[in-house]
file run-v1.txt (compact mmCIF, C-alpha atoms and all ligand atoms)
# COMPACT_ATOMS: atom_id res chain seq x y z
CA MET P 1 0.00 0.00 0.00
CA GLN P 2 1.26 3.50 -0.81
CA THR P 3 2.00 6.03 1.92
CA PHE P 4 -0.76 8.50 2.73
CA ARG P 5 -0.81 11.80 4.63
CA LEU P 6 -4.30 13.23 4.80
CA TYR P 7 -7.49 11.13 4.87
CA ALA P 8 -10.88 12.84 4.54
CA ILE P 9 -14.10 11.07 5.37
CA THR P 10 -17.41 12.30 4.03
CA GLY P 11 -19.87 13.84 6.48
CA GLU P 12 -22.71 15.52 4.63
CA GLN P 13 -24.36 16.68 7.87
CA PHE P 14 -21.46 19.14 8.22
CA HIS P 15 -22.07 20.92 4.90
CA PRO P 16 -25.82 21.42 4.46
CA GLY P 17 -26.58 23.05 1.12
CA ARG P 18 -23.18 22.19 -0.32
CA ASP P 19 -22.75 19.37 -2.83
CA LEU P 20 -20.87 16.27 -1.69
CA ILE P 21 -18.73 16.00 -4.80
CA GLU P 22 -17.81 19.72 -4.80
CA VAL P 23 -16.77 19.56 -1.14
CA MET P 24 -14.68 16.43 -1.65
CA GLU P 25 -13.05 17.88 -4.76
CA GLU P 26 -12.03 20.95 -2.73
CA ALA P 27 -10.49 18.57 -0.17
CA ILE P 28 -8.56 16.79 -2.91
CA LEU P 29 -7.35 20.11 -4.33
CA GLY P 30 -6.16 20.98 -0.81
CA GLY P 31 -4.03 17.84 -0.62
CA VAL P 32 -6.20 14.97 0.62
CA ASP P 33 -4.80 11.74 -0.87
CA ILE P 34 -7.43 9.26 0.36
CA ILE P 35 -11.19 9.62 0.71
CA GLN P 36 -13.73 7.45 2.48
CA LEU P 37 -17.44 7.39 1.76
CA ARG P 38 -19.13 7.10 5.16
CA ASP P 39 -22.91 7.36 5.03
CA LYS P 40 -24.83 6.16 8.05
CA SER P 41 -28.29 7.33 6.99
CA GLY P 42 -28.80 6.77 3.27
CA ASN P 43 -30.34 3.68 1.74
CA LYS P 44 -28.14 1.34 -0.28
CA GLN P 45 -29.21 2.81 -3.62
CA GLU P 46 -28.26 6.33 -2.48
CA ILE P 47 -24.95 5.14 -1.06
CA LEU P 48 -24.15 3.28 -4.28
CA ARG P 49 -24.91 6.38 -6.35
CA LYS P 50 -22.54 8.43 -4.14
CA ALA P 51 -19.92 5.69 -4.38
CA HIS P 52 -19.99 5.79 -8.18
CA ALA P 53 -19.72 9.60 -8.16
CA LEU P 54 -16.82 9.57 -5.69
CA ARG P 55 -15.10 6.80 -7.67
CA GLU P 56 -15.25 8.98 -10.76
CA LEU P 57 -13.93 12.00 -8.85
CA THR P 58 -11.10 10.14 -7.13
CA ARG P 59 -10.07 8.40 -10.34
CA LYS P 60 -9.92 11.78 -12.13
CA HIS P 61 -7.52 13.05 -9.45
CA GLY P 62 -5.56 9.85 -8.81
CA VAL P 63 -6.81 9.67 -5.20
CA THR P 64 -7.50 6.44 -3.30
CA PHE P 65 -11.16 5.66 -2.60
CA ILE P 66 -12.42 3.64 0.37
CA VAL P 67 -16.01 2.68 1.25
CA ASN P 68 -17.02 2.40 4.90
CA ASP P 69 -18.97 -0.66 6.09
CA HIS P 70 -20.47 -1.88 2.77
CA ILE P 71 -18.32 -4.47 1.02
CA ASP P 72 -20.94 -5.02 -1.70
CA ILE P 73 -20.94 -1.31 -2.56
CA ALA P 74 -17.13 -1.16 -2.51
CA LEU P 75 -17.03 -4.01 -5.02
CA GLU P 76 -19.81 -2.67 -7.21
CA ALA P 77 -18.24 0.81 -7.42
CA ASP P 78 -14.74 -0.63 -7.83
CA ALA P 79 -13.43 1.23 -4.79
CA ASP P 80 -9.79 0.72 -3.85
CA GLY P 81 -10.76 -0.62 -0.46
CA ILE P 82 -13.07 -0.99 2.48
CA HIS P 83 -13.00 0.24 6.07
CA LEU P 84 -14.37 -2.07 8.76
CA GLY P 85 -14.97 -1.68 12.48
CA GLN P 86 -14.48 -4.12 15.32
CA ASP P 87 -18.08 -5.37 15.02
CA ASP P 88 -18.13 -5.73 11.24
CA LEU P 89 -17.41 -8.81 9.16
CA PRO P 90 -14.22 -10.52 10.43
CA LEU P 91 -11.13 -9.60 8.45
CA ALA P 92 -10.54 -13.12 7.11
CA GLU P 93 -14.05 -13.23 5.66
CA ALA P 94 -13.73 -9.72 4.24
CA ARG P 95 -10.42 -10.67 2.62
CA LYS P 96 -12.10 -13.57 0.80
CA LEU P 97 -14.59 -11.12 -0.68
CA VAL P 98 -12.33 -8.20 -1.61
CA GLY P 99 -9.15 -10.01 -2.59
CA ASN P 100 -6.23 -7.62 -2.71
CA LYS P 101 -8.23 -4.43 -2.21
CA ILE P 102 -7.20 -2.33 0.80
CA ILE P 103 -8.76 -3.33 4.12
CA GLY P 104 -8.64 -0.82 6.97
CA ILE P 105 -9.69 -1.76 10.50
CA SER P 106 -10.69 0.57 13.35
CA THR P 107 -8.80 -0.03 16.58
CA HIS P 108 -9.17 1.55 20.01
CA ALA P 109 -6.61 -0.41 22.05
CA ILE P 110 -3.23 -1.99 21.44
CA HIS P 111 -4.52 -5.59 21.51
CA GLU P 112 -6.92 -4.73 18.67
CA ALA P 113 -4.10 -3.13 16.69
CA LEU P 114 -1.83 -6.15 17.11
CA GLN P 115 -4.69 -8.50 16.20
CA ALA P 116 -5.50 -6.51 13.03
CA GLU P 117 -1.83 -6.68 12.07
CA LYS P 118 -1.80 -10.45 12.63
CA ASP P 119 -5.02 -10.90 10.64
CA GLY P 120 -3.62 -9.10 7.58
CA ALA P 121 -5.14 -5.62 7.65
CA ASP P 122 -3.53 -3.15 5.28
CA TYR P 123 -3.89 -0.23 7.69
CA ILE P 124 -5.54 0.55 11.00
CA GLY P 125 -7.50 3.50 12.32
CA VAL P 126 -6.25 4.64 15.72
CA GLY P 127 -8.76 6.53 17.80
CA PRO P 128 -10.75 8.33 18.83
CA VAL P 129 -7.76 10.40 19.86
CA TYR P 130 -10.02 13.20 21.15
CA ALA P 131 -13.75 13.51 21.82
CA THR P 132 -15.84 13.62 18.67
CA LYS P 133 -19.47 14.29 17.84
CA SER P 134 -19.15 12.76 14.37
CA LYS P 135 -19.75 9.17 15.49
CA VAL P 136 -22.77 8.19 17.56
CA ASP P 137 -21.59 4.92 19.12
CA VAL P 138 -18.07 6.15 19.79
CA VAL P 139 -15.88 4.79 22.60
CA ASP P 140 -14.15 7.10 25.10
CA PRO P 141 -11.18 9.06 23.73
CA VAL P 142 -7.96 7.05 23.77
CA GLY P 143 -5.71 10.10 23.77
CA VAL P 144 -2.29 10.54 22.21
CA GLY P 145 -0.96 7.81 24.53
CA TYR P 146 -2.54 5.19 22.28
CA VAL P 147 -1.00 6.84 19.20
CA ARG P 148 2.39 6.57 20.92
CA GLU P 149 1.82 2.89 21.75
CA VAL P 150 0.88 2.04 18.17
CA ALA P 151 3.83 4.00 16.76
CA ALA P 152 6.15 1.99 19.01
CA GLN P 153 4.62 -1.48 18.65
CA VAL P 154 2.82 -1.82 15.31
CA ARG P 155 4.49 -1.97 11.91
CA LEU P 156 1.29 -1.50 9.89
CA PRO P 157 0.48 1.94 8.47
CA PHE P 158 -1.88 3.68 10.86
CA VAL P 159 -4.10 6.72 10.62
CA ALA P 160 -5.01 8.79 13.67
CA ILE P 161 -8.69 9.75 13.87
CA GLY P 162 -11.21 11.37 16.17
CA GLY P 163 -11.53 15.02 17.11
CA ILE P 164 -8.43 15.99 15.15
CA LYS P 165 -8.42 19.71 14.36
CA LEU P 166 -5.90 22.20 13.06
CA HIS P 167 -5.31 23.37 16.64
CA ASN P 168 -4.42 19.93 18.06
CA VAL P 169 -2.88 18.05 15.14
CA GLU P 170 0.70 18.91 16.16
CA GLU P 171 0.24 16.96 19.40
CA VAL P 172 -0.89 13.91 17.38
CA LEU P 173 2.10 14.23 15.06
CA GLU P 174 4.45 14.59 18.02
CA ALA P 175 3.05 11.29 19.35
CA GLY P 176 4.24 9.55 16.19
CA ALA P 177 1.39 9.77 13.68
CA THR P 178 2.35 10.57 10.09
CA TRP P 179 -1.13 10.06 8.64
CA ILE P 180 -4.15 12.02 9.85
CA CYS P 181 -7.89 11.61 9.30
CA ALA P 182 -10.67 14.09 9.90
CA ILE P 183 -14.33 14.53 9.13
CA SER P 184 -15.79 17.68 10.70
CA GLU P 185 -12.65 19.82 10.61
CA ILE P 186 -12.33 19.26 6.86
CA VAL P 187 -15.82 18.96 5.39
CA GLY P 188 -17.39 21.38 7.89
CA SER P 189 -14.91 24.11 7.07
CA ASP P 190 -15.95 27.26 5.22
CA ASP P 191 -12.64 26.88 3.40
CA VAL P 192 -12.22 23.15 2.79
CA ARG P 193 -9.24 23.55 0.49
CA GLY P 194 -7.43 25.98 2.81
CA THR P 195 -8.01 23.74 5.83
CA CYS P 196 -6.49 20.78 3.99
CA GLU P 197 -3.53 22.89 2.85
CA THR P 198 -2.91 23.92 6.46
CA PHE P 199 -3.07 20.27 7.62
CA ILE P 200 -0.58 19.36 4.89
CA SER P 201 1.82 22.15 5.83
CA LYS P 202 1.73 21.01 9.48
CA LEU P 203 2.41 17.42 8.33
CA GLU P 204 5.28 18.61 6.15
CA LYS P 205 6.83 20.59 9.02
CA ARG P 206 7.10 17.31 10.97
CA GLY P 207 8.83 15.74 7.92
C1 LIG K 301 -10.13 5.69 9.03
C2 LIG K 301 -11.27 5.26 9.86
N1 LIG K 301 -11.03 4.91 11.13
C3 LIG K 301 -12.08 4.53 11.91
C4 LIG K 301 -13.35 4.49 11.41
C5 LIG K 301 -14.51 4.03 12.24
O1 LIG K 301 -15.03 2.79 11.75
P1 LIG K 301 -16.14 2.00 12.62
O2 LIG K 301 -15.54 1.71 13.93
O3 LIG K 301 -16.63 0.87 11.81
O4 LIG K 301 -17.28 3.06 12.80
P2 LIG K 301 -18.17 3.73 11.67
O5 LIG K 301 -17.33 4.70 10.91
O6 LIG K 301 -18.69 2.65 10.77
O7 LIG K 301 -19.25 4.42 12.43
C6 LIG K 301 -13.54 4.86 10.07
N2 LIG K 301 -14.76 4.84 9.51
N3 LIG K 301 -12.49 5.24 9.32
C1 LIG K 302 -15.74 7.78 12.18
C2 LIG K 302 -14.87 7.84 13.38
N1 LIG K 302 -14.22 6.75 13.84
C3 LIG K 302 -13.50 6.99 14.93
C4 LIG K 302 -12.71 5.98 15.65
O1 LIG K 302 -12.05 6.32 16.61
O2 LIG K 302 -12.76 4.84 15.22
S1 LIG K 302 -13.60 8.59 15.42
C5 LIG K 302 -14.62 8.96 14.13
C6 LIG K 302 -15.18 10.33 13.89
C7 LIG K 302 -14.13 11.28 13.34
O3 LIG K 302 -14.73 12.48 13.02
P1 LIG K 302 -14.13 13.90 13.42
O4 LIG K 302 -12.89 14.09 12.65
O5 LIG K 302 -15.20 14.88 13.01
O6 LIG K 302 -13.94 13.91 14.91
MG MG K 303 -18.07 0.64 10.45
call {"tool": "encode", "arguments": {"input": "run-v1.txt", "output": "structure tokens", "more": "lines below"}}
Ligand SMILES: Cc1ncc(COP(=O)(O)OP(=O)(O)O)c(N)n1
Ligand SMILES: Cc1nc(C(=O)O)sc1CCOP(=O)(O)O
Ligand SMILES: [Mg+2]
result
Amino acid sequence: MQTFRLYAITGEQFHPGRDLIEVMEEAILGGVDIIQLRDKSGNKQEILRKAHALRELTRKHGVTFIVNDHIDIALEADADGIHLGQDDLPLAEARKLVGNKIIGISTHAIHEALQAEKDGADYIGVGPVYATKSKVDVVDPVGVGYVREVAAQVRLPFVAIGGIKLHNVEEVLEAGATWICAISEIVGSDDVRGTCETFISKLEKRG
């Protein structure tokens, strides 16, 4: 899997009145190199339609495209990968379905991270680093301590997620993250492109 820096997840509730594809294109123009379609409220037909549109957009810009939760939609839209949580289909079963597409797994504790590595995940999500209102059934914040643990003990690529904002991202980078994910701070911004550019410049400062 290639190396990524800035991961944007869709969150249409944060940009009422603004078009999904326009917002995500602004994020790409600001430097996002991987996008995830995360839609917790639409029906499957709506999610599939969005997946096709985001596939077209990401292909145009050479950006990686991941679908959250729905393996069937990821396959149908020819996404590059799928993101699964701890309660989703087990990784071994998902692997049988998606072959060599990217599989990302959410983790909230070091034993989950080590297990995902053992099971053959391509990357892991590490969070929620800070409190977030973007996920309903979210666990308590794990803090930058968990980022530090993963950086020290896990060889898989990992992306830090959860409550990451321009004002706290440096602390996450100092803890050892090199890849950052955000929903609300990116797609809820009045200046999506500028916000992504600022994230990228902070990432670049850390090398
Ligand atoms: C990059 C990334 N990390 C974590 C998650 C959360 O996945 P999950 O635990 O399955 O929760 P939902 O997003 O499905 O509510 C993610 N989507 N992406
Ligand atoms: C979807 C999601 N998963 C998390 C995890 O820790 O697994 S935190 C999260 C929400 C991230 O949104 P925001 O950047 O707006 O806080
Ligand atoms: Mg999920």
call {"tool": "residues_near_ligand", "arguments": {"input": "run-v1.txt", "ligand": "ligand LIG 302 (chain K)", "cutoff": "9 Å", "atoms": "only C-alpha atoms and all ligand atoms", "output": "ChimeraX atom specification"}}
result
/P:8-9,11,14,38,85,105-108,125-136,138-142,160-165,181-188
call {"tool": "closest_residue", "arguments": {"input": "run-v1.txt", "among": "P:Lys44, P:Gly31, P:Leu20, P:Thr3", "to": "P:Ser201", "atoms": "all atoms listed in the file"}}
result
P:Gly31
call {"tool": "residues_around", "arguments": {"input": "run-v1.txt", "residues": "stretch 146-150 of chain P", "least_positions_apart": "5", "cutoff": "7 Å", "atoms": "all atoms listed in the file", "output": "PyMOL selection string"}}
result
chain P and resi 109-110+126+175-177
call {"tool": "closest_atom_pairs", "arguments": {"input": "run-v1.txt", "of": "chain P", "to": "ligand MG 303 (chain K)", "cutoff": "12 Å", "atoms": "all atoms listed in the file", "output": "CSV"}}
result
residue,atom,partner,partner_atom,distance
P:Gln36,CA,K:MG303,MG,11.3
P:Leu37,CA,K:MG303,MG,11.0
P:Arg38,CA,K:MG303,MG,8.4
P:Asp39,CA,K:MG303,MG,9.9
P:Lys40,CA,K:MG303,MG,9.1
P:Ile66,CA,K:MG303,MG,11.9
P:Val67,CA,K:MG303,MG,9.6
P:Asn68,CA,K:MG303,MG,5.9
P:Asp69,CA,K:MG303,MG,4.6
P:His70,CA,K:MG303,MG,8.4
P:Ile71,CA,K:MG303,MG,10.7
P:Ile82,CA,K:MG303,MG,9.5
P:His83,CA,K:MG303,MG,6.7
P:Leu84,CA,K:MG303,MG,4.9
P:Gly85,CA,K:MG303,MG,4.4
P:Gln86,CA,K:MG303,MG,7.7
P:Asp87,CA,K:MG303,MG,7.6
P:Asp88,CA,K:MG303,MG,6.4
P:Leu89,CA,K:MG303,MG,9.6
P:Pro90,CA,K:MG303,MG,11.8
P:Ile103,CA,K:MG303,MG,11.9
P:Gly104,CA,K:MG303,MG,10.2
P:Ile105,CA,K:MG303,MG,8.7
P:Ser106,CA,K:MG303,MG,7.9
P:Thr107,CA,K:MG303,MG,11.1
P:Gly125,CA,K:MG303,MG,11.1
P:Lys135,CA,K:MG303,MG,10.0
P:Val136,CA,K:MG303,MG,11.4
P:Asp137,CA,K:MG303,MG,10.3
P:Val138,CA,K:MG303,MG,10.8
call {"tool": "closest_residue", "arguments": {"input": "run-v1.txt", "among": "P:Cys196, P:Leu54, P:Ile180, P:Ile47", "to": "ligand LIG 301 (chain K)", "atoms": "all atoms listed in the file"}}
result
P:Ile180
call {"tool": "closest_residue", "arguments": {"input": "run-v1.txt", "among": "P:Arg55, P:Lys50, P:Glu25, P:Val159", "to": "ligand LIG 301 (chain K)", "atoms": "all atoms listed in the file"}}
result
P:Val159
call {"tool": "closest_residue", "arguments": {"input": "run-v1.txt", "among": "P:Leu156, P:Ala77, P:Leu6, P:Ile200", "to": "ligand LIG 301 (chain K)", "atoms": "all atoms listed in the file"}}
result
P:Leu6
call {"tool": "axis_aligned_box", "arguments": {"input": "run-v1.txt", "around": "stretch 115-127 of chain P", "padding_each_side": "8 Å", "output": "AutoDock Vina command-line options"}}
result
--center_x -5.3 --center_y -2.2 --center_z 11.5 --size_x 23.0 --size_y 33.4 --size_z 28.5
call {"tool": "atom_distance", "arguments": {"input": "run-v1.txt", "atom1": "atom CA of P:His15", "atom2": "atom CA of P:Ser189"}}
result
8.1 Å
call {"tool": "atom_distance", "arguments": {"input": "run-v1.txt", "atom1": "atom CA of P:Ala94", "atom2": "atom CA of P:Asp72"}}
result
10.5 Å
call {"tool": "closest_residue", "arguments": {"input": "run-v1.txt", "among": "P:Gln153, P:Thr64, P:Thr198, P:Thr10", "to": "ligand LIG 301 (chain K)", "atoms": "all atoms listed in the file"}}
result
P:Thr10
call {"tool": "residues_around", "arguments": {"input": "run-v1.txt", "residues": "P:Phe199", "least_positions_apart": "4", "cutoff": "8 Å", "atoms": "all atoms listed in the file", "output": "ChimeraX atom specification"}}
result
/P:6,166,169,195,203
call {"tool": "closest_residue", "arguments": {"input": "run-v1.txt", "among": "P:Ser41, P:Gln13, P:Thr58, P:Asn100", "to": "ligand LIG 301 (chain K)", "atoms": "all atoms listed in the file"}}
result
P:Ser41
call {"tool": "atom_distance", "arguments": {"input": "run-v1.txt", "atom1": "atom O5 of ligand LIG 301 (chain K)", "atom2": "atom CA of P:Glu12"}}
result
13.6 Å
call {"tool": "residues_around", "arguments": {"input": "run-v1.txt", "residues": "P:Lys101", "least_positions_apart": "4", "cutoff": "9 Å", "atoms": "all atoms listed in the file", "output": "ChimeraX atom specification"}}
result
/P:79-82,95,122
call {"tool": "residues_around", "arguments": {"input": "run-v1.txt", "residues": "P:Leu91", "least_positions_apart": "6", "cutoff": "8 Å", "atoms": "only C-alpha atoms", "output": "short mmCIF file (atom, residue, chain, number, x, y, z; two decimals) with C-alpha atoms, keeping the file's coordinate frame"}}
result
data_model
loop_
_atom_site.label_atom_id
_atom_site.label_comp_id
_atom_site.auth_asym_id
_atom_site.auth_seq_id
_atom_site.Cartn_x
_atom_site.Cartn_y
_atom_site.Cartn_z
CA ILE P 103 -8.76 -3.33 4.12
CA ALA P 116 -5.50 -6.51 13.03
CA ASP P 119 -5.02 -10.90 10.64
CA GLY P 120 -3.62 -9.10 7.58
CA ALA P 121 -5.14 -5.62 7.65
#
call {"tool": "build_atoms", "arguments": {"input": "run-v1.txt", "residues": "stretch 53-76 of chain P", "atoms": "N, CA and C atoms", "output": "PDB file, keeping the file's coordinate frame"}}
result
ATOM      1  N   ALA P  53     -20.142   8.211  -7.902  1.00  0.00           N
ATOM      2  CA  ALA P  53     -19.720   9.600  -8.160  1.00  0.00           C
ATOM      3  C   ALA P  53     -18.342   9.870  -7.543  1.00  0.00           C
ATOM      4  N   LEU P  54     -18.124   9.350  -6.340  1.00  0.00           N
ATOM      5  CA  LEU P  54     -16.820   9.570  -5.690  1.00  0.00           C
ATOM      6  C   LEU P  54     -15.729   8.763  -6.386  1.00  0.00           C
ATOM      7  N   ARG P  55     -16.093   7.594  -6.910  1.00  0.00           N
ATOM      8  CA  ARG P  55     -15.100   6.800  -7.670  1.00  0.00           C
ATOM      9  C   ARG P  55     -14.634   7.580  -8.889  1.00  0.00           C
ATOM     10  N   GLU P  56     -15.608   8.199  -9.563  1.00  0.00           N
ATOM     11  CA  GLU P  56     -15.250   8.980 -10.760  1.00  0.00           C
ATOM     12  C   GLU P  56     -14.347  10.152 -10.389  1.00  0.00           C
ATOM     13  N   LEU P  57     -14.724  10.845  -9.299  1.00  0.00           N
ATOM     14  CA  LEU P  57     -13.930  12.000  -8.850  1.00  0.00           C
ATOM     15  C   LEU P  57     -12.513  11.590  -8.449  1.00  0.00           C
ATOM     16  N   THR P  58     -12.417  10.546  -7.639  1.00  0.00           N
ATOM     17  CA  THR P  58     -11.100  10.140  -7.130  1.00  0.00           C
ATOM     18  C   THR P  58     -10.232   9.603  -8.259  1.00  0.00           C
ATOM     19  N   ARG P  59     -10.859   8.915  -9.203  1.00  0.00           N
ATOM     20  CA  ARG P  59     -10.070   8.400 -10.340  1.00  0.00           C
ATOM     21  C   ARG P  59      -9.518   9.580 -11.152  1.00  0.00           C
ATOM     22  N   LYS P  60     -10.361  10.591 -11.367  1.00  0.00           N
ATOM     23  CA  LYS P  60      -9.920  11.780 -12.130  1.00  0.00           C
ATOM     24  C   LYS P  60      -8.680  12.412 -11.500  1.00  0.00           C
ATOM     25  N   HIS P  61      -8.622  12.384 -10.146  1.00  0.00           N
ATOM     26  CA  HIS P  61      -7.520  13.050  -9.450  1.00  0.00           C
ATOM     27  C   HIS P  61      -6.438  12.093  -8.967  1.00  0.00           C
ATOM     28  N   GLY P  62      -6.581  10.814  -9.250  1.00  0.00           N
ATOM     29  CA  GLY P  62      -5.560   9.850  -8.810  1.00  0.00           C
ATOM     30  C   GLY P  62      -5.527   9.681  -7.300  1.00  0.00           C
ATOM     31  N   VAL P  63      -6.700   9.780  -6.664  1.00  0.00           N
ATOM     32  CA  VAL P  63      -6.810   9.670  -5.200  1.00  0.00           C
ATOM     33  C   VAL P  63      -7.438   8.324  -4.844  1.00  0.00           C
ATOM     34  N   THR P  64      -6.994   7.744  -3.742  1.00  0.00           N
ATOM     35  CA  THR P  64      -7.500   6.440  -3.300  1.00  0.00           C
ATOM     36  C   THR P  64      -8.911   6.591  -2.723  1.00  0.00           C
ATOM     37  N   PHE P  65      -9.752   5.604  -3.015  1.00  0.00           N
ATOM     38  CA  PHE P  65     -11.160   5.660  -2.600  1.00  0.00           C
ATOM     39  C   PHE P  65     -11.535   4.426  -1.782  1.00  0.00           C
ATOM     40  N   ILE P  66     -12.040   4.687  -0.585  1.00  0.00           N
ATOM     41  CA  ILE P  66     -12.420   3.640   0.370  1.00  0.00           C
ATOM     42  C   ILE P  66     -13.919   3.793   0.676  1.00  0.00           C
ATOM     43  N   VAL P  67     -14.593   2.665   0.833  1.00  0.00           N
ATOM     44  CA  VAL P  67     -16.010   2.680   1.250  1.00  0.00           C
ATOM     45  C   VAL P  67     -16.082   2.155   2.681  1.00  0.00           C
ATOM     46  N   ASN P  68     -16.829   2.838   3.515  1.00  0.00           N
ATOM     47  CA  ASN P  68     -17.020   2.400   4.900  1.00  0.00           C
ATOM     48  C   ASN P  68     -18.151   1.365   4.979  1.00  0.00           C
ATOM     49  N   ASP P  69     -17.944   0.336   5.713  1.00  0.00           N
ATOM     50  CA  ASP P  69     -18.970  -0.660   6.090  1.00  0.00           C
ATOM     51  C   ASP P  69     -19.441  -1.613   4.982  1.00  0.00           C
ATOM     52  N   HIS P  70     -19.728  -1.107   3.785  1.00  0.00           N
ATOM     53  CA  HIS P  70     -20.470  -1.880   2.770  1.00  0.00           C
ATOM     54  C   HIS P  70     -19.538  -2.517   1.744  1.00  0.00           C
ATOM     55  N   ILE P  71     -19.218  -3.773   1.954  1.00  0.00           N
ATOM     56  CA  ILE P  71     -18.320  -4.470   1.020  1.00  0.00           C
ATOM     57  C   ILE P  71     -18.965  -4.592  -0.365  1.00  0.00           C
ATOM     58  N   ASP P  72     -20.269  -4.865  -0.394  1.00  0.00           N
ATOM     59  CA  ASP P  72     -20.940  -5.020  -1.700  1.00  0.00           C
ATOM     60  C   ASP P  72     -20.850  -3.723  -2.512  1.00  0.00           C
ATOM     61  N   ILE P  73     -21.005  -2.590  -1.840  1.00  0.00           N
ATOM     62  CA  ILE P  73     -20.940  -1.310  -2.560  1.00  0.00           C
ATOM     63  C   ILE P  73     -19.500  -1.016  -2.997  1.00  0.00           C
ATOM     64  N   ALA P  74     -18.547  -1.354  -2.140  1.00  0.00           N
ATOM     65  CA  ALA P  74     -17.130  -1.160  -2.510  1.00  0.00           C
ATOM     66  C   ALA P  74     -16.807  -1.955  -3.771  1.00  0.00           C
ATOM     67  N   LEU P  75     -17.312  -3.171  -3.842  1.00  0.00           N
ATOM     68  CA  LEU P  75     -17.030  -4.010  -5.020  1.00  0.00           C
ATOM     69  C   LEU P  75     -17.757  -3.475  -6.246  1.00  0.00           C
ATOM     70  N   GLU P  76     -19.003  -3.129  -6.074  1.00  0.00           N
ATOM     71  CA  GLU P  76     -19.810  -2.670  -7.210  1.00  0.00           C
ATOM     72  C   GLU P  76     -19.247  -1.368  -7.799  1.00  0.00           C
TER      73      GLU P  76
END
